[in-house]
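A.B. asks: So here's work25.csv (CSV, C-alpha atoms and all ligand atoms).
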```csv
chain,number,residue,atom,x,y,z
G,1,MET,CA,54.1,-18.8,55.3
G,2,SER,CA,57.7,-19.5,54.5
G,3,VAL,CA,59.4,-22.0,56.7
G,4,PHE,CA,62.1,-19.4,57.2
G,5,ASN,CA,59.8,-17.1,59.1
G,6,GLN,CA,59.6,-19.6,62.0
G,7,VAL,CA,61.3,-18.1,65.0
G,8,TYR,CA,63.1,-20.6,67.3
G,9,THR,CA,64.4,-19.8,70.8
G,10,ARG,CA,67.8,-21.3,70.7
G,11,LYS,CA,69.0,-20.3,74.2
G,12,ASN,CA,69.7,-23.3,76.4
G,13,THR,CA,70.3,-25.6,73.4
G,14,ASN,CA,74.1,-25.7,73.9
G,15,SER,CA,74.3,-23.3,70.9
G,16,LEU,CA,77.6,-21.6,70.3
G,17,LYS,CA,75.8,-18.7,68.7
G,18,TRP,CA,73.3,-18.1,71.6
G,19,ASP,CA,74.7,-19.7,74.7
G,20,LYS,CA,78.3,-18.4,74.6
G,21,LEU,CA,77.6,-14.7,74.3
G,22,LYS,CA,78.9,-13.8,77.8
G,23,GLN,CA,82.3,-15.4,77.1
G,24,VAL,CA,82.6,-14.2,73.5
G,25,TYR,CA,81.7,-10.6,74.2
G,26,GLN,CA,83.1,-10.6,77.8
G,27,ILE,CA,80.0,-9.3,79.3
G,28,GLU,CA,78.2,-10.2,82.6
G,29,ASP,CA,74.7,-10.0,81.3
G,30,ASP,CA,73.5,-11.4,78.0
G,31,THR,CA,69.8,-11.0,78.6
G,32,ASP,CA,67.9,-10.2,75.4
G,33,LEU,CA,71.2,-9.9,73.5
G,34,LEU,CA,70.4,-10.6,69.8
G,35,ALA,CA,73.0,-12.9,68.2
G,36,MET,CA,73.9,-12.0,64.6
G,37,TRP,CA,77.5,-13.0,64.6
G,38,VAL,CA,78.9,-16.5,63.9
G,39,ALA,CA,78.0,-18.1,60.6
G,40,ASP,CA,75.2,-20.3,61.8
G,41,MET,CA,71.6,-19.8,60.7
G,42,ASP,CA,68.5,-19.6,62.9
G,43,PHE,CA,66.7,-21.8,60.4
G,44,MET,CA,65.8,-25.5,60.5
G,45,PRO,CA,67.5,-27.7,57.9
G,46,PRO,CA,65.4,-29.3,55.2
G,47,GLN,CA,62.6,-31.4,56.8
G,48,ALA,CA,64.1,-34.4,54.9
G,49,VAL,CA,67.2,-34.1,57.1
G,50,ILE,CA,65.2,-34.1,60.3
G,51,ASP,CA,63.1,-37.0,59.1
G,52,ALA,CA,66.1,-39.1,58.1
G,53,LEU,CA,67.8,-38.5,61.5
G,54,HIS,CA,64.5,-39.5,63.3
G,55,LYS,CA,64.3,-42.6,61.1
G,56,ARG,CA,67.9,-43.5,61.9
G,57,LEU,CA,67.1,-43.3,65.6
G,58,GLU,CA,64.4,-45.8,65.3
G,59,HIS,CA,67.3,-48.2,65.4
G,60,PRO,CA,68.7,-47.7,68.9
G,61,ILE,CA,72.3,-48.8,68.4
G,62,LEU,CA,74.8,-46.1,67.7
G,63,GLY,CA,77.9,-48.1,67.0
G,64,TYR,CA,80.9,-47.2,64.7
G,65,SER,CA,79.5,-46.2,61.3
G,66,VAL,CA,80.9,-46.1,57.8
G,67,MET,CA,80.1,-43.5,55.1
G,68,PRO,CA,77.5,-45.2,52.9
G,69,GLU,CA,78.0,-45.3,49.1
G,70,ALA,CA,74.5,-43.7,48.8
G,71,SER,CA,75.8,-40.6,50.6
G,72,LYS,CA,78.8,-40.4,48.3
G,73,GLN,CA,76.5,-40.6,45.3
G,74,ALA,CA,74.2,-37.9,46.8
G,75,ILE,CA,77.3,-35.6,47.1
G,76,VAL,CA,78.3,-36.3,43.5
G,77,GLY,CA,74.8,-35.7,42.2
G,78,TRP,CA,74.5,-32.4,44.1
G,79,PHE,CA,77.8,-30.9,42.8
G,80,GLU,CA,77.0,-32.1,39.3
G,81,ARG,CA,73.5,-30.5,39.4
G,82,ARG,CA,74.3,-27.3,41.2
G,83,HIS,CA,77.8,-26.5,40.1
G,84,ARG,CA,78.4,-28.6,36.9
G,85,TRP,CA,81.3,-30.1,38.8
G,86,SER,CA,81.9,-33.8,38.3
G,87,ILE,CA,83.6,-35.2,41.4
G,88,ASP,CA,85.0,-38.7,41.3
G,89,PRO,CA,83.9,-40.3,44.7
G,90,GLN,CA,87.4,-41.9,44.9
G,91,THR,CA,88.9,-38.4,45.3
G,92,MET,CA,86.9,-37.6,48.5
G,93,ILE,CA,88.3,-37.7,52.0
G,94,PHE,CA,85.8,-37.1,54.8
G,95,GLN,CA,86.7,-34.9,57.8
G,96,SER,CA,84.8,-33.6,60.7
G,97,GLY,CA,84.9,-30.0,59.5
G,98,VAL,CA,86.6,-27.6,57.1
G,99,VAL,CA,88.6,-26.0,59.8
G,100,PRO,CA,90.0,-29.4,60.9
G,101,ALA,CA,90.7,-30.1,57.3
G,102,ILE,CA,92.6,-26.8,56.9
G,103,ALA,CA,94.7,-27.7,59.9
G,104,ASN,CA,95.4,-31.2,58.6
G,105,ILE,CA,96.3,-30.0,55.1
G,106,VAL,CA,98.6,-27.3,56.5
G,107,ASP,CA,100.3,-29.9,58.8
G,108,CYS,CA,100.5,-32.6,56.2
G,109,PHE,CA,101.8,-30.6,53.2
G,110,THR,CA,103.9,-27.9,54.8
G,111,SER,CA,106.6,-27.8,57.5
G,112,ILE,CA,107.3,-25.5,60.5
G,113,GLY,CA,108.5,-22.2,59.2
G,114,ASP,CA,107.1,-22.6,55.7
G,115,LYS,CA,105.4,-19.6,54.1
G,116,ILE,CA,101.7,-19.7,53.8
G,117,VAL,CA,99.8,-16.9,52.0
G,118,VAL,CA,96.3,-15.6,52.8
G,119,SER,CA,94.4,-12.5,51.6
G,120,ALA,CA,92.7,-10.5,54.3
G,121,PRO,CA,90.1,-9.5,55.4
G,122,ILE,CA,89.5,-13.2,55.9
G,123,TYR,CA,87.9,-15.9,58.0
G,124,PRO,CA,90.0,-16.0,61.1
G,125,PRO,CA,91.2,-19.7,61.1
G,126,PHE,CA,92.9,-18.9,57.8
G,127,PHE,CA,95.5,-17.1,59.8
G,128,SER,CA,95.1,-18.6,63.3
G,129,VAL,CA,95.6,-22.2,62.1
G,130,PRO,CA,98.9,-21.7,60.2
G,131,THR,CA,100.2,-19.5,63.0
G,132,ASN,CA,99.3,-22.0,65.7
G,133,LEU,CA,101.1,-24.6,63.6
G,134,LYS,CA,104.2,-22.4,63.6
G,135,ARG,CA,104.1,-21.7,59.9
G,136,SER,CA,105.2,-18.3,58.6
G,137,LEU,CA,102.1,-16.4,57.6
G,138,GLU,CA,102.2,-13.8,54.9
G,139,PHE,CA,99.2,-11.5,54.3
G,140,CYS,CA,98.7,-10.5,50.7
G,141,ASP,CA,95.6,-8.4,51.3
G,142,LEU,CA,92.7,-7.8,49.0
G,143,ILE,CA,92.3,-4.3,47.5
G,144,GLU,CA,89.1,-2.5,48.4
G,145,GLU,CA,87.6,0.1,46.1
G,146,ASN,CA,84.1,1.5,46.7
G,147,GLY,CA,83.2,-1.5,48.8
G,148,GLN,CA,84.4,-4.0,46.2
G,149,TYR,CA,87.3,-6.2,46.9
G,150,ARG,CA,89.7,-7.5,44.3
G,151,PHE,CA,93.0,-9.4,44.3
G,152,ASP,CA,96.3,-7.6,44.0
G,153,PHE,CA,97.9,-10.0,41.5
G,154,GLU,CA,101.2,-8.2,41.4
G,155,ALA,CA,101.6,-8.5,45.2
G,156,LEU,CA,100.2,-12.1,45.1
G,157,GLU,CA,102.9,-13.1,42.6
G,158,LYS,CA,105.6,-11.6,44.9
G,159,ALA,CA,104.0,-13.4,47.9
G,160,PHE,CA,104.0,-16.7,46.1
G,161,ASP,CA,107.7,-16.6,45.6
G,162,GLY,CA,109.0,-19.1,48.1
G,163,ALA,CA,105.6,-19.9,49.5
G,164,SER,CA,104.3,-23.5,50.1
G,165,LEU,CA,100.5,-22.9,50.3
G,166,TYR,CA,97.9,-20.3,49.4
G,167,ILE,CA,94.6,-20.6,51.3
G,168,LEU,CA,91.8,-19.2,49.1
G,169,CYS,CA,88.2,-18.4,50.3
G,170,ASN,CA,85.9,-19.1,47.3
G,171,PRO,CA,83.3,-17.6,47.8
G,172,HIS,CA,84.8,-15.1,50.1
G,173,ASN,CA,84.0,-14.7,53.8
G,174,PRO,CA,83.5,-11.9,55.0
G,175,GLY,CA,83.3,-10.0,51.7
G,176,GLY,CA,80.7,-12.1,50.0
G,177,MET,CA,82.4,-12.3,46.6
G,178,THR,CA,82.1,-15.1,44.1
G,179,TRP,CA,85.4,-14.9,42.3
G,180,SER,CA,85.4,-14.6,38.5
G,181,GLN,CA,86.8,-17.2,36.2
G,182,GLU,CA,89.5,-14.8,35.2
G,183,ASP,CA,90.6,-14.2,38.8
G,184,LEU,CA,90.6,-17.9,39.6
G,185,GLU,CA,92.6,-18.7,36.4
G,186,THR,CA,95.2,-16.1,37.3
G,187,ILE,CA,95.6,-17.6,40.8
G,188,ILE,CA,96.1,-21.1,39.3
G,189,GLU,CA,98.6,-19.7,36.8
G,190,LEU,CA,100.6,-18.0,39.6
G,191,ALA,CA,100.5,-21.2,41.7
G,192,ILE,CA,101.8,-23.3,38.8
G,193,LYS,CA,104.5,-20.8,38.0
G,194,HIS,CA,105.7,-20.7,41.7
G,195,ASP,CA,104.9,-24.2,42.6
G,196,VAL,CA,102.5,-23.2,45.4
G,197,MET,CA,99.7,-25.6,46.5
G,198,ILE,CA,96.2,-24.1,46.7
G,199,LEU,CA,93.7,-25.0,49.4
G,200,SER,CA,90.4,-23.7,48.1
G,201,ASP,CA,87.8,-23.4,50.9
G,202,GLU,CA,84.4,-23.6,49.1
G,203,ILE,CA,82.1,-24.1,52.1
G,204,HIS,CA,80.0,-21.1,51.0
G,205,ALA,CA,79.6,-22.4,47.4
G,206,ASP,CA,75.8,-23.0,47.7
G,207,LEU,CA,74.8,-19.8,49.4
G,208,LEU,CA,74.5,-17.9,46.2
G,209,ILE,CA,72.5,-14.6,46.0
G,210,ASP,CA,70.5,-13.2,43.1
G,211,GLY,CA,71.6,-15.9,40.6
G,212,ASN,CA,75.3,-15.4,41.0
G,213,GLN,CA,77.4,-18.5,40.1
G,214,HIS,CA,80.1,-20.2,42.0
G,215,ILE,CA,83.1,-21.5,40.0
G,216,PRO,CA,84.7,-24.5,41.7
G,217,LEU,CA,88.5,-24.1,41.3
G,218,LEU,CA,88.9,-27.7,40.2
G,219,THR,CA,86.7,-27.2,37.2
G,220,LEU,CA,89.0,-24.7,35.5
G,221,PRO,CA,91.1,-25.9,32.5
G,222,ARG,CA,94.6,-25.7,34.1
G,223,ALA,CA,93.5,-27.0,37.5
G,224,ALA,CA,95.1,-30.4,36.9
G,225,GLU,CA,98.5,-28.8,36.4
G,226,ALA,CA,98.4,-27.3,39.8
G,227,ASN,CA,98.3,-28.9,43.3
G,228,ILE,CA,94.8,-28.0,44.4
G,229,ILE,CA,92.8,-29.4,47.3
G,230,THR,CA,89.2,-28.2,47.7
G,231,CYS,CA,87.1,-28.3,50.9
G,232,VAL,CA,83.3,-28.4,50.7
G,233,ALA,CA,80.7,-29.2,53.2
G,234,PRO,CA,76.9,-29.5,53.6
G,235,THR,CA,77.0,-27.9,57.1
G,236,LYS,CA,76.9,-24.2,56.1
G,237,THR,CA,74.5,-24.7,53.3
G,238,PHE,CA,71.9,-26.6,55.3
G,239,ASN,CA,72.7,-25.2,58.7
G,240,MET,CA,73.9,-28.3,60.4
G,241,ALA,CA,77.3,-27.4,61.7
G,242,GLY,CA,76.7,-29.4,64.8
G,243,ILE,CA,76.6,-32.6,62.6
G,244,GLN,CA,80.3,-32.0,61.8
G,245,ALA,CA,81.0,-33.2,58.3
G,246,ALA,CA,83.2,-32.0,55.4
G,247,MET,CA,84.6,-33.3,52.2
G,248,VAL,CA,88.1,-32.8,51.1
G,249,ILE,CA,88.5,-33.3,47.3
G,250,VAL,CA,92.0,-34.3,46.3
G,251,PRO,CA,92.1,-35.3,42.6
G,252,ASP,CA,95.9,-35.9,42.6
G,253,GLY,CA,96.6,-39.5,43.6
G,254,GLU,CA,99.9,-38.9,45.3
G,255,LEU,CA,98.6,-36.0,47.4
G,256,ARG,CA,95.5,-38.0,48.3
G,257,ALA,CA,97.6,-41.0,49.4
G,258,LYS,CA,99.7,-38.6,51.5
G,259,LEU,CA,96.7,-37.0,53.2
G,260,THR,CA,95.1,-40.4,53.7
G,261,ALA,CA,98.2,-41.7,55.4
G,262,TYR,CA,98.4,-38.6,57.5
G,263,GLY,CA,94.8,-39.1,58.6
G,264,MET,CA,95.5,-42.7,59.5
G,265,ALA,CA,98.5,-41.7,61.5
G,266,HIS,CA,96.5,-39.1,63.4
G,267,GLY,CA,93.5,-41.3,64.1
G,268,HIS,CA,91.0,-39.8,61.6
G,269,PHE,CA,88.6,-42.6,60.7
G,270,GLU,CA,85.0,-42.5,59.8
G,271,LEU,CA,82.6,-39.7,60.6
G,272,ASN,CA,79.8,-39.8,63.3
G,273,THR,CA,76.7,-41.9,62.7
G,274,PHE,CA,74.5,-38.9,61.8
G,275,ALA,CA,76.8,-37.4,59.2
G,276,GLY,CA,76.2,-39.9,56.5
G,277,VAL,CA,72.5,-39.9,57.1
G,278,ALA,CA,72.2,-36.1,57.0
G,279,LEU,CA,74.5,-35.9,54.0
G,280,GLU,CA,72.4,-38.2,51.9
G,281,ALA,CA,69.1,-36.5,52.8
G,282,CYS,CA,70.2,-32.9,52.3
G,283,TYR,CA,72.1,-33.5,49.0
G,284,ASN,CA,69.3,-35.7,47.5
G,285,GLU,CA,66.3,-33.6,48.8
G,286,GLY,CA,67.5,-30.2,49.6
G,287,ASP,CA,67.3,-28.4,46.3
G,288,MET,CA,64.0,-26.7,46.7
G,289,TRP,CA,64.8,-25.7,50.3
G,290,LEU,CA,68.0,-24.1,49.2
G,291,ASP,CA,66.3,-22.3,46.3
G,292,GLU,CA,63.9,-20.8,48.7
G,293,LEU,CA,66.6,-20.0,51.2
G,294,GLN,CA,68.6,-18.0,48.6
G,295,GLN,CA,65.5,-15.9,47.9
G,296,TYR,CA,64.8,-15.3,51.6
G,297,LEU,CA,68.4,-14.3,52.2
G,298,SER,CA,68.4,-11.9,49.3
G,299,LYS,CA,65.2,-10.2,50.7
G,300,ASN,CA,66.7,-9.9,54.2
G,301,MET,CA,69.8,-8.4,52.7
G,302,ASP,CA,67.8,-5.8,50.6
G,303,TYR,CA,65.9,-4.8,53.7
G,304,VAL,CA,69.0,-4.4,55.9
G,305,ILE,CA,70.9,-2.5,53.3
G,306,GLU,CA,68.0,-0.2,52.5
G,307,LYS,CA,67.5,0.7,56.2
G,308,LEU,CA,71.1,0.8,57.4
G,309,THR,CA,72.6,2.8,54.5
G,310,GLN,CA,70.2,5.6,55.5
G,311,ILE,CA,72.5,6.1,58.6
G,312,PRO,CA,75.1,8.7,57.6
G,313,GLY,CA,78.5,7.0,57.1
G,314,ILE,CA,77.2,3.5,56.7
G,315,ARG,CA,77.9,1.7,53.4
G,316,ILE,CA,77.0,-1.9,52.5
G,317,GLN,CA,77.5,-3.8,49.2
G,318,LYS,CA,75.1,-6.6,48.5
G,319,PRO,CA,77.1,-9.9,48.7
G,320,GLN,CA,77.1,-12.3,45.7
G,321,ALA,CA,77.3,-15.2,48.1
G,322,THR,CA,77.1,-16.1,51.9
G,323,TYR,CA,74.5,-14.7,54.3
G,324,LEU,CA,76.9,-12.2,55.8
G,325,LEU,CA,76.8,-8.5,55.4
G,326,TRP,CA,80.1,-6.6,55.6
G,327,ILE,CA,79.2,-3.2,56.9
G,328,ASP,CA,81.5,-0.4,56.3
G,329,TYR,CA,81.3,2.3,59.0
G,330,ARG,CA,84.6,4.0,58.4
G,331,GLU,CA,83.0,7.3,57.3
G,332,THR,CA,81.3,7.7,60.7
G,333,GLY,CA,84.8,8.2,62.2
G,334,LEU,CA,83.9,5.9,65.1
G,335,LYS,CA,86.4,3.6,66.7
G,336,GLU,CA,85.8,-0.2,66.8
G,337,LYS,CA,85.7,-0.2,70.6
G,338,GLU,CA,83.0,2.4,70.9
G,339,VAL,CA,81.0,0.8,68.1
G,340,MET,CA,81.1,-2.6,69.8
G,341,GLN,CA,80.2,-1.0,73.1
G,342,GLY,CA,77.3,0.9,71.6
G,343,LEU,CA,75.9,-2.2,69.8
G,344,LEU,CA,76.2,-4.3,73.0
G,345,GLU,CA,74.4,-1.6,75.0
G,346,ASN,CA,71.6,-1.8,72.4
G,347,LYS,CA,71.6,-5.6,72.8
G,348,LEU,CA,73.1,-6.5,69.4
G,349,ALA,CA,76.0,-8.9,69.0
G,350,LEU,CA,77.9,-8.5,65.7
G,351,ASP,CA,81.4,-9.5,64.7
G,352,PRO,CA,84.0,-6.7,64.9
G,353,GLY,CA,85.9,-6.3,61.6
G,354,THR,CA,89.3,-6.7,63.1
G,355,LYS,CA,88.4,-10.3,63.9
G,356,TYR,CA,89.1,-10.8,60.1
G,357,GLY,CA,92.5,-9.1,60.2
G,358,GLU,CA,93.6,-5.5,60.6
G,359,LYS,CA,92.2,-5.0,57.1
G,360,GLY,CA,88.8,-5.4,58.6
G,361,ARG,CA,89.1,-2.3,60.8
G,362,GLY,CA,86.1,0.0,60.3
G,363,PHE,CA,83.8,-2.9,59.3
G,364,LEU,CA,81.2,-5.1,61.1
G,365,ARG,CA,80.0,-8.5,60.0
G,366,MET,CA,76.3,-9.1,60.4
G,367,ASN,CA,74.7,-12.5,59.9
G,368,VAL,CA,71.3,-12.1,58.2
G,369,ALA,CA,70.3,-15.8,58.1
G,370,ALA,CA,67.5,-15.4,60.5
G,371,PRO,CA,63.7,-15.0,60.3
G,372,PHE,CA,62.6,-11.6,59.0
G,373,ALA,CA,61.2,-10.6,62.5
G,374,THR,CA,64.6,-11.1,64.0
G,375,ILE,CA,66.2,-9.1,61.2
G,376,GLN,CA,63.9,-6.2,61.9
G,377,GLN,CA,64.9,-6.2,65.5
G,378,GLY,CA,68.6,-6.3,64.5
G,379,VAL,CA,68.1,-3.3,62.2
G,380,GLU,CA,66.3,-1.3,64.9
G,381,ARG,CA,69.0,-2.0,67.4
G,382,PHE,CA,71.8,-1.2,65.0
G,383,THR,CA,70.1,2.1,64.1
G,384,GLN,CA,69.7,3.0,67.8
G,385,ALA,CA,73.4,2.3,68.4
G,386,PHE,CA,74.5,4.4,65.5
G,387,THR,CA,72.2,7.4,66.0
G,388,LYS,CA,72.5,7.9,69.7
L,1,LIG,C1,85.2,-19.9,55.0
L,1,LIG,C2,84.9,-20.8,56.1
L,1,LIG,N1,85.5,-22.0,56.2
L,1,LIG,C3,85.2,-22.9,57.2
L,1,LIG,C4,84.2,-22.6,58.1
L,1,LIG,C5,83.8,-23.6,59.2
L,1,LIG,O1,83.8,-24.9,58.7
L,1,LIG,P1,83.6,-26.1,59.7
L,1,LIG,O2,82.5,-25.8,60.6
L,1,LIG,O3,83.3,-27.2,58.7
L,1,LIG,O4,84.9,-26.3,60.4
L,1,LIG,C6,83.5,-21.4,58.0
L,1,LIG,C7,82.4,-21.1,59.0
L,1,LIG,O5,82.0,-20.0,59.1
L,1,LIG,C8,83.8,-20.5,57.0
L,1,LIG,O6,83.2,-19.3,56.8
```
Would you kindly transcribe this structure into structure tokens?
C.D. replies:
Amino acid sequence: MSVFNQVYTRKNTNSLKWDKLKQVYQIEDDTDLLAMWVADMDFMPPQAVIDALHKRLEHPILGYSVMPEASKQAIVGWFERRHRWSIDPQTMIFQSGVVPAIANIVDCFTSIGDKIVVSAPIYPPFFSVPTNLKRSLEFCDLIEENGQYRFDFEALEKAFDGASLYILCNPHNPGGMTWSQEDLETIIELAIKHDVMILSDEIHADLLIDGNQHIPLLTLPRAAEANIITCVAPTKTFNMAGIQAAMVIVPDGELRAKLTAYGMAHGHFELNTFAGVALEACYNEGDMWLDELQQYLSKNMDYVIEKLTQIPGIRIQKPQATYLLWIDYRETGLKEKEVMQGLLENKLALDPGTKYGEKGRGFLRMNVAAPFATIQQGVERFTQAFTK
């Protein structure tokens, strides 16, 4: 039996996904509500991670910790093996998460009122963080054709004029695209031409479906000519977001010195005791677990797509990466409010598309990183909600 078939009850574990449903969906009763929303999997991380954490706790003192060299080497080895990306450990800055890293990069390298460009539909902190930091946000949205998204490079070039920063989601959440080399090279060219820094959020890099490849932005030929900062993390890949760890890769020495100084000024020091331990274990011993996960996710996706696209008006493209299905219900003619209400009445919690910007209207995001038995329940409830 696959380890991914194991069903865990996560209620009452202080889980954001399962214990915050009343607040997130503004409902009084969340009994039996099936959580298929936030990008957090209902799977255990690799056994090696759990074993390493247990072993660490055999020593009962939990004082200030430093990131061990062995963990850095494990990170380097992973990205070399899985993505043919050779990362110099000197260029890594550790942060407690990619979202905190985005906020720090925005704050460190841009000023109040500066133009920051994002392409919607997009992971909400891409627009909420710059807005909260009083930057001027410009949407240069992706173009959707038959369920496929692509960049509008003409519009992007215009948007880059006078901009300080472009935040790229590679692979893309919520659309599930791994961007092509050609697309990424064009973005780099435009960034060089208009002197725009690129923040490449590559947190979904490992969650590749059906053999699709991720291209790290920093591996492209002209990357060194641009100001690129990439964020990666083990937390999405290995389902340990609660451990809170991310790596910010800053190859340019001046930019790195500036971000390091910013971190010192704002009190960012070492990560928590468990981060280094978990990082070393997952990156050294997580390969087979991830290979199996990718296959499991692909099968879950096939099942959901096969079932739900039988409902008139529902369209779903299989993602190339992530474990998130971006469900297009525009042809049903239903409004988001009634769709969400119908789903909640049928005890299913999905993300409404407008959470990802106005461009997401008419879509739902469904997290399929759960045991197959849970997925079957989700499909049943979705079908009930849409066929009533
Ligand atoms: C594109 C993207 N970036 C960042 C995050 C969150 O990163 P962290 O938990 O490290 O802040 C997510 C989580 O879903 C995500 O999808």
A.B. asks: Go through G:Gln213, G:Ser71, G:Asn239, G:Thr219 and flag the residue nearest Tyr283 of chain G, using only C-alpha atoms for the distances.
C.D. replies: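 The shortest atom-to-atom distance to Tyr283 of chain G comes from G:Ser71.
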A.B. asks: Contacts between segment 108-127 of chain G and segment 192-257 of chain G, please, where a residue of segment 192-257 of chain G counts if it comes within 12 Å (with all atoms listed in the file); show its shortest atom pair and distance in Å to one decimal, rows by chain and ascending number, as CSV.
C.D. replies:
```
residue,atom,partner,partner_atom,distance
G:Val196,CA,G:Ile116,CA,9.1
G:Met197,CA,G:Phe109,CA,8.6
G:Ile198,CA,G:Val117,CA,9.6
G:Leu199,CA,G:Val118,CA,10.3
G:Ser200,CA,G:Val118,CA,11.1
G:Asp201,CA,G:Phe126,CA,9.7
G:Ile203,CA,G:Tyr123,CA,11.6
G:His204,CA,G:Tyr123,CA,11.8
G:Asn227,CA,G:Phe109,CA,10.6
G:Ile228,CA,G:Phe109,CA,11.5
G:Ile229,CA,G:Phe109,CA,10.8
G:Glu254,CA,G:Phe109,CA,11.6
G:Leu255,CA,G:Phe109,CA,8.5
G:Arg256,CA,G:Cys108,CA,10.8
G:Ala257,CA,G:Cys108,CA,11.2
```
A.B. asks: Which residues, written as a PDB file with C-alpha atoms, in the frame of the given file, have at least one atom at most 9 Å from Gln6 of chain G, with all atoms listed in the file counted and residues fewer than 5 positions away on the same chain left out?
C.D. replies:
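Generated output (around26.pdb):
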```pdb
ATOM      1  CA  MET G   1      54.100 -18.800  55.300  1.00  0.00           C
ATOM      2  CA  ASP G  42      68.500 -19.600  62.900  1.00  0.00           C
ATOM      3  CA  PHE G  43      66.700 -21.800  60.400  1.00  0.00           C
ATOM      4  CA  MET G  44      65.800 -25.500  60.500  1.00  0.00           C
ATOM      5  CA  PRO G 371      63.700 -15.000  60.300  1.00  0.00           C
TER       6      PRO G 371
END
```
A.B. asks: Measure the distance from atom CA of Ser298 of chain G to atom CA of Asn170 of chain G in Å and round it to one decimal.
C.D. replies: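 Taking atom CA of Ser298 of chain G and atom CA of Asn170 of chain G, their separation equals 19.0 Å.
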A.B. asks: Select from segment 242-320 of chain G every residue with an atom at most 12 Å from any atom of segment 178-191 of chain G, then for each give the shortest pair of atoms and their distance in Å to one decimal, using only C-alpha atoms, rows by chain and rising number, as a tab-separated table.
C.D. replies:
```
residue	atom	partner	partner_atom	distance
G:Lys318	CA	G:Thr178	CA	11.9
G:Pro319	CA	G:Thr178	CA	8.6
G:Gln320	CA	G:Thr178	CA	5.9
```
A.B. asks: I want to know what sits within 10 Å of Tyr329 of chain G, based on all atoms listed in the file, with residues of the same chain fewer than 3 positions away left out; could you give that as a list of chain:residue names?
C.D. replies: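 Final neighbour list, sorted by chain and number: G:Thr309, G:Ile311, G:Pro312, G:Gly313, G:Ile314, G:Arg315, G:Ile316, G:Trp326, G:Thr332, G:Gly333, G:Leu334, G:Lys335, G:Glu336, G:Val339, G:Arg361, G:Gly362, G:Phe363, G:Leu364, G:Phe386.
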A.B. asks: Using only C-alpha atoms, which of G:Asp302, G:Asp328, G:Asp252, G:Asp141 sits nearest Gly357 of chain G?
C.D. replies: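 Using only C-alpha atoms, Gly357 of chain G sits closest to G:Asp141.
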A.B. asks: I'd like the interatomic distance between atom CA of Tyr303 of chain G and atom CA of Arg381 of chain G, to a tenth of an Å.
C.D. replies: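 Atom CA of Tyr303 of chain G sits 14.3 Å away from atom CA of Arg381 of chain G.
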A.B. asks: Under the rule that all atoms listed in the file are counted, which of G:Ala245, G:Leu62, G:Val129, G:Ala224 is the nearest residue to ligand LIG 1 (chain L)?
C.D. replies: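 Closest candidate: G:Ala245.
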A.B. asks: Between G:Glu270, G:Asp152, G:Glu157, G:Glu202, which one has atoms that come closest to ligand LIG 1 (chain L), using all atoms listed in the file?
C.D. replies: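 When distances to ligand LIG 1 (chain L) are compared using all atoms listed in the file, the smallest one comes from G:Glu202.
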A.B. asks: I need the residue nearest ligand LIG 1 (chain L) from this list: G:Asn212, G:Gln295, G:Ser2, G:Asn367. Use all atoms listed in the file for the distance.
C.D. replies: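 Ranked by minimum distance to ligand LIG 1 (chain L), first place goes to G:Asn367.
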A.B. asks: Nearest to ligand LIG 1 (chain L): which of G:Thr260, G:Thr235, G:Thr31, G:Gln294 is it, counting only C-alpha atoms and all ligand atoms?
C.D. replies: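 Selected residue with least distance to ligand LIG 1 (chain L): G:Thr235.
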A.B. asks: So the first atom is atom C7 of ligand LIG 1 (chain L) and the second is atom CA of Gly147 of chain G; what is the distance between them in Å, to one decimal place?
C.D. replies: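 If I compute the distance from atom C7 of ligand LIG 1 (chain L) to atom CA of Gly147 of chain G, I get 22.1 Å.
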A.B. asks: Name all residues at most 8 Å from Ser65 of chain G (count all atoms listed in the file; drop same-chain ones fewer than 6 positions away) and give them as a PDB file with C-alpha atoms, keeping the file's coordinate frame.
C.D. replies:
```pdb
ATOM      1  CA  GLU G 270      85.000 -42.500  59.800  1.00  0.00           C
ATOM      2  CA  LEU G 271      82.600 -39.700  60.600  1.00  0.00           C
ATOM      3  CA  ASN G 272      79.800 -39.800  63.300  1.00  0.00           C
ATOM      4  CA  THR G 273      76.700 -41.900  62.700  1.00  0.00           C
TER       5      THR G 273
END
```
A.B. asks: Could you give me, as a list in words, the residues within 7 Å of Ala35 of chain G, counting all atoms listed in the file and dropping anything in the same chain fewer than 3 positions from it?
C.D. replies: Lys17, Trp18, Leu348 and Ala349 of chain G
A.B. asks: Output C-alpha atoms of each residue in that selection to a file, as a PDB file, in the frame of the given file.
C.D. replies:
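Once written, out-v8.pdb looks like this:
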```
ATOM      1  CA  LYS G  17      75.800 -18.700  68.700  1.00  0.00           C
ATOM      2  CA  TRP G  18      73.300 -18.100  71.600  1.00  0.00           C
ATOM      3  CA  LEU G 348      73.100  -6.500  69.400  1.00  0.00           C
ATOM      4  CA  ALA G 349      76.000  -8.900  69.000  1.00  0.00           C
TER       5      ALA G 349
END
```
A.B. asks: So that I can check the surroundings of Met301 of chain G, please list as a PyMOL selection string every protein, DNA and RNA residue that reaches within 9 Å of it, counting all atoms listed in the file and ignoring chain neighbours fewer than 5 positions away.
C.D. replies: chain G and resi 296+306+318-319+323-325+368
A.B. asks: Okay, now the selection with C-alpha atoms, as a PDB file, in the coordinates of the input?
C.D. replies:
```pdb
ATOM      1  CA  TYR G 296      64.800 -15.300  51.600  1.00  0.00           C
ATOM      2  CA  GLU G 306      68.000  -0.200  52.500  1.00  0.00           C
ATOM      3  CA  LYS G 318      75.100  -6.600  48.500  1.00  0.00           C
ATOM      4  CA  PRO G 319      77.100  -9.900  48.700  1.00  0.00           C
ATOM      5  CA  TYR G 323      74.500 -14.700  54.300  1.00  0.00           C
ATOM      6  CA  LEU G 324      76.900 -12.200  55.800  1.00  0.00           C
ATOM      7  CA  LEU G 325      76.800  -8.500  55.400  1.00  0.00           C
ATOM      8  CA  VAL G 368      71.300 -12.100  58.200  1.00  0.00           C
TER       9      VAL G 368
END
```
